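To start, the structure itself, in structure tokens.
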Amino acid sequence: MKNNKVFVITGATGVGKTTIARYLQETYHMPRVITHTTRKPREREENGGAYYFETNDSFEKNHYLERVMYAGSKYGSSHEALALAWAQSNFATIVLDTAGAITYARELGEQAVIIFVTVTHPDVLIERVQIRGDDPSIVQQRIASPEFMRDVTLPEALRGIAYQLENDDWAKTKARLDLIVTDVMNGRSLPKKSKL
Ligand SMILES: Nc1ncnc2c1ncn2[C@@H]1O[C@H](COP(=O)(O)OP(=O)(O)OP(=O)(O)O)[C@@H](O)[C@H]1O
Ligand SMILES: Nc1nc2c(ncn2[C@@H]2O[C@H](COP(=O)(O)O)[C@@H](O)[C@H]2O)c(=O)[nH]1
């Protein structure tokens, strides 16, 4: 349906994408599009919750709107998972790296509301994922990956398209998110040139 929209939350590791998607889910009842990955589950991550966890073989059996390699693992968002979320609500959320967000913007146009999340000091990202309890060797591999460095900066292809949302202070982030959601739900669009 043309009225359906998906809020695409993108940005670097640890910047708060999943936290934001959870807030949109809890506050606005937006279902999350569950994506597929071959990476190993973290503690407390369940199949069909955080992700559909796949083997290399099972990953290849799905139909993807887009797919990427990120820090050595495969990730992909399936047409089926997006349809499932839109069957529950006209507004859904998805968490993607910036390559995926660019594909969503290109493939879905106005139906994709892209939110690029940043922090003022990227050093805090390492602290955040350590506090989250990520395995230190995985954190090191992640930080060293070209995808991590790439996703710290708004890609050229998303300039003028993505909302830029600073997530230094969670209370302020929630207030800014409320502004974006209210505008989108009312069919308006806030200026996207500067950071919110
Ligand atoms: N504004 C904030 N201030 C401090 N900590 C935050 C803030 N937002 C999120 N966090 C915390 O930072 C950690 C990383 O957040 P989250 O898992 O949402 O990041 P992410 O962008 O989804 O990361 P990844 O891409 O690695 O999955 C979590 O422990 C979360 O609680
Ligand atoms: N392009 C896609 N990116 C995805 C997808 N699912 C998750 N992600 C992004 O990958 C990295 C790593 O995630 P993590 O859970 O291992 O920390 C992160 O930026 C996610 O947003 C997807 O289907 N396509």
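Chains: A, B, ... in order of the structure tokens. Residues: from 1 per chain. Ligands: from 1, in order shown.
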
### Query
If you count only C-alpha atoms and all ligand atoms, which residues end up within 7 Å of ligand 1, as JSON, numbers by chain?
{"A": [11, 12, 13, 14, 15, 16, 17, 18, 19, 20, 128, 129, 131, 132, 167, 168, 169, 170, 173]}

Go ahead and dump the residues you just picked, N, CA and C atoms, as a PDB file, in the first residue's frame.
ATOM      1  N   GLY A  11      23.163   4.283  10.950  1.00  0.00           N
ATOM      2  CA  GLY A  11      24.292   4.958  11.608  1.00  0.00           C
ATOM      3  C   GLY A  11      25.275   3.903  12.097  1.00  0.00           C
ATOM      4  N   ALA A  12      26.316   4.354  12.799  1.00  0.00           N
ATOM      5  CA  ALA A  12      27.405   3.454  13.200  1.00  0.00           C
ATOM      6  C   ALA A  12      26.997   2.514  14.333  1.00  0.00           C
ATOM      7  N   THR A  13      27.785   1.484  14.507  1.00  0.00           N
ATOM      8  CA  THR A  13      27.632   0.554  15.635  1.00  0.00           C
ATOM      9  C   THR A  13      27.608   1.312  16.958  1.00  0.00           C
ATOM     10  N   GLY A  14      26.649   0.992  17.813  1.00  0.00           N
ATOM     11  CA  GLY A  14      26.602   1.548  19.169  1.00  0.00           C
ATOM     12  C   GLY A  14      25.982   2.922  19.272  1.00  0.00           C
ATOM     13  N   VAL A  15      25.545   3.467  18.140  1.00  0.00           N
ATOM     14  CA  VAL A  15      25.053   4.845  18.153  1.00  0.00           C
ATOM     15  C   VAL A  15      23.641   4.923  18.772  1.00  0.00           C
ATOM     16  N   GLY A  16      22.971   3.766  18.849  1.00  0.00           N
ATOM     17  CA  GLY A  16      21.645   3.728  19.489  1.00  0.00           C
ATOM     18  C   GLY A  16      20.497   3.387  18.555  1.00  0.00           C
ATOM     19  N   LYS A  17      20.789   2.772  17.414  1.00  0.00           N
ATOM     20  CA  LYS A  17      19.736   2.466  16.426  1.00  0.00           C
ATOM     21  C   LYS A  17      18.671   1.527  17.008  1.00  0.00           C
ATOM     22  N   THR A  18      19.130   0.455  17.654  1.00  0.00           N
ATOM     23  CA  THR A  18      18.181  -0.534  18.193  1.00  0.00           C
ATOM     24  C   THR A  18      17.353   0.075  19.325  1.00  0.00           C
ATOM     25  N   THR A  19      18.004   0.914  20.135  1.00  0.00           N
ATOM     26  CA  THR A  19      17.309   1.599  21.242  1.00  0.00           C
ATOM     27  C   THR A  19      16.204   2.487  20.664  1.00  0.00           C
ATOM     28  N   ILE A  20      16.502   3.181  19.584  1.00  0.00           N
ATOM     29  CA  ILE A  20      15.520   4.068  18.940  1.00  0.00           C
ATOM     30  C   ILE A  20      14.372   3.244  18.342  1.00  0.00           C
ATOM     31  N   ARG A 128      29.926   2.373  24.743  1.00  0.00           N
ATOM     32  CA  ARG A 128      28.539   1.909  24.743  1.00  0.00           C
ATOM     33  C   ARG A 128      28.434   0.423  24.427  1.00  0.00           C
ATOM     34  N   VAL A 129      29.214  -0.041  23.440  1.00  0.00           N
ATOM     35  CA  VAL A 129      29.075  -1.471  23.104  1.00  0.00           C
ATOM     36  C   VAL A 129      29.754  -2.340  24.164  1.00  0.00           C
ATOM     37  N   ILE A 131      29.674  -1.551  27.412  1.00  0.00           N
ATOM     38  CA  ILE A 131      28.660  -1.594  28.486  1.00  0.00           C
ATOM     39  C   ILE A 131      27.543  -2.567  28.100  1.00  0.00           C
ATOM     40  N   ARG A 132      27.218  -2.606  26.806  1.00  0.00           N
ATOM     41  CA  ARG A 132      26.167  -3.514  26.340  1.00  0.00           C
ATOM     42  C   ARG A 132      26.559  -4.974  26.577  1.00  0.00           C
ATOM     43  N   ASN A 167      22.246  11.547  19.032  1.00  0.00           N
ATOM     44  CA  ASN A 167      21.817  10.749  20.195  1.00  0.00           C
ATOM     45  C   ASN A 167      22.875  10.790  21.298  1.00  0.00           C
ATOM     46  N   ASP A 168      23.156  12.017  21.790  1.00  0.00           N
ATOM     47  CA  ASP A 168      24.072  12.142  22.937  1.00  0.00           C
ATOM     48  C   ASP A 168      23.294  11.972  24.234  1.00  0.00           C
ATOM     49  N   ASP A 169      22.103  12.553  24.255  1.00  0.00           N
ATOM     50  CA  ASP A 169      21.304  12.610  25.479  1.00  0.00           C
ATOM     51  C   ASP A 169      19.935  11.991  25.169  1.00  0.00           C
ATOM     52  N   TRP A 170      19.635  10.887  25.832  1.00  0.00           N
ATOM     53  CA  TRP A 170      18.458  10.100  25.459  1.00  0.00           C
ATOM     54  C   TRP A 170      17.154  10.891  25.584  1.00  0.00           C
ATOM     55  N   THR A 173      16.891  12.998  22.585  1.00  0.00           N
ATOM     56  CA  THR A 173      16.650  12.156  21.401  1.00  0.00           C
ATOM     57  C   THR A 173      15.170  11.796  21.293  1.00  0.00           C
TER      58      THR A 173
END

### Query
Residues at most 8 Å from ligand 2, using only C-alpha atoms and all ligand atoms? Could they come as an NGL selection string?
:A and (9-14 or 17-18 or 34-37 or 39 or 50-51 or 66-71 or 75-78 or 95-101 or 148 or 151)

### Task
Please provide the set of residues having any atom within 9 Å of A:Gln88, restricted to only C-alpha atoms, with same-chain residues fewer than 4 positions apart removed, written as a PyMOL selection string.
chain A and resi 30-31+83-84+92

### Message
Restricting the calculation to only C-alpha atoms: of A:His121, A:Arg42, A:Thr182, A:Tyr64, which residue gets closest to A:Val139?
### Response
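Checking each candidate against A:Val139, we get A:Arg42 as the closest.
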
Just asking: which residues within stretch 7-195 of chain A are strand (DSSP E or B) according to DSSP, as a PDB file with C-alpha atoms, in the first residue's frame?
ATOM      1  CA  PHE A   7      11.338   4.378   9.470  1.00  0.00           C
ATOM      2  CA  VAL A   8      14.869   3.319   8.545  1.00  0.00           C
ATOM      3  CA  ILE A   9      17.228   3.830  11.493  1.00  0.00           C
ATOM      4  CA  THR A  10      20.832   3.949  10.344  1.00  0.00           C
ATOM      5  CA  GLY A  11      24.292   4.958  11.608  1.00  0.00           C
ATOM      6  CA  ARG A  32      10.130  -3.818  13.583  1.00  0.00           C
ATOM      7  CA  HIS A  36      18.403 -11.918   8.614  1.00  0.00           C
ATOM      8  CA  THR A  37      22.039 -12.444   9.523  1.00  0.00           C
ATOM      9  CA  ASN A  47      15.964 -16.160  16.756  1.00  0.00           C
ATOM     10  CA  TYR A  51      17.199 -11.273  13.988  1.00  0.00           C
ATOM     11  CA  TYR A  52      16.428 -14.382  12.031  1.00  0.00           C
ATOM     12  CA  PHE A  53      19.759 -16.120  12.628  1.00  0.00           C
ATOM     13  CA  TYR A  64      15.997  -9.812  -0.261  1.00  0.00           C
ATOM     14  CA  LEU A  65      15.116  -6.204  -0.928  1.00  0.00           C
ATOM     15  CA  GLU A  66      18.771  -5.552  -0.075  1.00  0.00           C
ATOM     16  CA  ARG A  67      21.699  -7.478   1.428  1.00  0.00           C
ATOM     17  CA  VAL A  68      25.198  -6.556   2.574  1.00  0.00           C
ATOM     18  CA  MET A  69      28.373  -7.891   4.145  1.00  0.00           C
ATOM     19  CA  TYR A  70      29.083  -6.138   7.445  1.00  0.00           C
ATOM     20  CA  SER A  73      28.908 -11.466   8.245  1.00  0.00           C
ATOM     21  CA  LYS A  74      25.947 -11.443   5.860  1.00  0.00           C
ATOM     22  CA  TYR A  75      22.882  -9.294   6.632  1.00  0.00           C
ATOM     23  CA  GLY A  76      19.726  -8.905   4.572  1.00  0.00           C
ATOM     24  CA  SER A  77      16.194  -7.529   4.774  1.00  0.00           C
ATOM     25  CA  SER A  78      13.601  -9.719   3.103  1.00  0.00           C
ATOM     26  CA  PHE A  91       4.223   2.474  10.038  1.00  0.00           C
ATOM     27  CA  ALA A  92       7.105   0.078  10.649  1.00  0.00           C
ATOM     28  CA  THR A  93      10.783   0.416  11.654  1.00  0.00           C
ATOM     29  CA  ILE A  94      13.962  -1.230  10.431  1.00  0.00           C
ATOM     30  CA  VAL A  95      17.599  -0.970  11.577  1.00  0.00           C
ATOM     31  CA  LEU A  96      20.122  -0.974   8.701  1.00  0.00           C
ATOM     32  CA  ALA A 112      11.265   5.159   3.441  1.00  0.00           C
ATOM     33  CA  VAL A 113      11.813   7.745   6.188  1.00  0.00           C
ATOM     34  CA  ILE A 114      15.566   7.672   6.753  1.00  0.00           C
ATOM     35  CA  ILE A 115      16.965   8.704  10.159  1.00  0.00           C
ATOM     36  CA  PHE A 116      20.756   8.917  10.326  1.00  0.00           C
ATOM     37  CA  VAL A 117      21.885   8.731  13.954  1.00  0.00           C
ATOM     38  CA  THR A 118      25.126  10.314  15.208  1.00  0.00           C
ATOM     39  CA  TYR A 163      16.949  13.263   9.032  1.00  0.00           C
ATOM     40  CA  GLN A 164      20.145  13.714  11.056  1.00  0.00           C
ATOM     41  CA  LEU A 165      19.496  12.842  14.675  1.00  0.00           C
ATOM     42  CA  GLU A 166      22.063  13.364  17.460  1.00  0.00           C
ATOM     43  CA  LYS A 195      21.174  18.104  12.779  1.00  0.00           C
TER      44      LYS A 195
END

### Task
Have a look at atom CA of A:Glu43 and atom CA of A:Asp135 and let me know their distance in Å, one decimal.
9.7 Å

### Query
In Å, how far is it from atom CA of A:Arg159 to atom CA of A:Asp183?
19.1 Å

### Query
Can you list, as a list in words, every protein, DNA or RNA residue that comes within 12 Å of A:Gly187 when you count only C-alpha atoms, leaving out same-chain residues fewer than 2 positions away?
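So, after excluding close chain neighbours, the residues are Asn3, Asn4, Lys5, Glu110, Gln111, Val113, Ile180, Val181, Thr182, Asp183, Val184, Met185, Ser189 and Leu190 of chain A.
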
### Task
Determine which residues of stretch 131-168 of chain A DSSP labels as alpha helix (DSSP H) from the backbone of this structure, then write them out as a list in words.
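Output for stretch 131-168 of chain A, alpha helix (DSSP H) only: Ile131, Arg132, Pro136, Ser137, Ile138, Val139, Gln140, Gln141, Arg142, Ile143, Ala144, Pro146, Glu147, Phe148, Met149 and Arg150 of chain A.
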
With C-alpha atoms retained, export the selected residues as a tab-separated table (two decimals), in the first residue's frame.
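New file part22.tsv:
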chain	number	residue	atom	x	y	z
A	131	ILE	CA	28.66	-1.59	28.49
A	132	ARG	CA	26.17	-3.51	26.34
A	136	PRO	CA	35.87	-7.55	23.54
A	137	SER	CA	37.41	-9.41	20.57
A	138	ILE	CA	34.24	-8.89	18.52
A	139	VAL	CA	34.24	-5.19	19.50
A	140	GLN	CA	37.82	-4.87	18.23
A	141	GLN	CA	36.94	-6.60	14.94
A	142	ARG	CA	33.88	-4.38	14.55
A	143	ILE	CA	35.73	-1.12	15.25
A	144	ALA	CA	38.47	-2.12	12.77
A	146	PRO	CA	35.67	-0.46	7.04
A	147	GLU	CA	31.87	-0.51	7.56
A	148	PHE	CA	32.20	0.99	11.06
A	149	MET	CA	34.26	3.98	9.88
A	150	ARG	CA	32.01	4.47	6.85

### Query
When you draw a straight line from atom CA of A:Tyr28 to atom CA of A:Leu177, how long is it in Å?
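Value for the atom CA of A:Tyr28-atom CA of A:Leu177 distance: 10.8 Å.
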
### Counting only C-alpha atoms, the residue of A:Glu127, A:Ala175, A:Arg188, A:Val33 that sits nearest A:Ala85
A:Val33
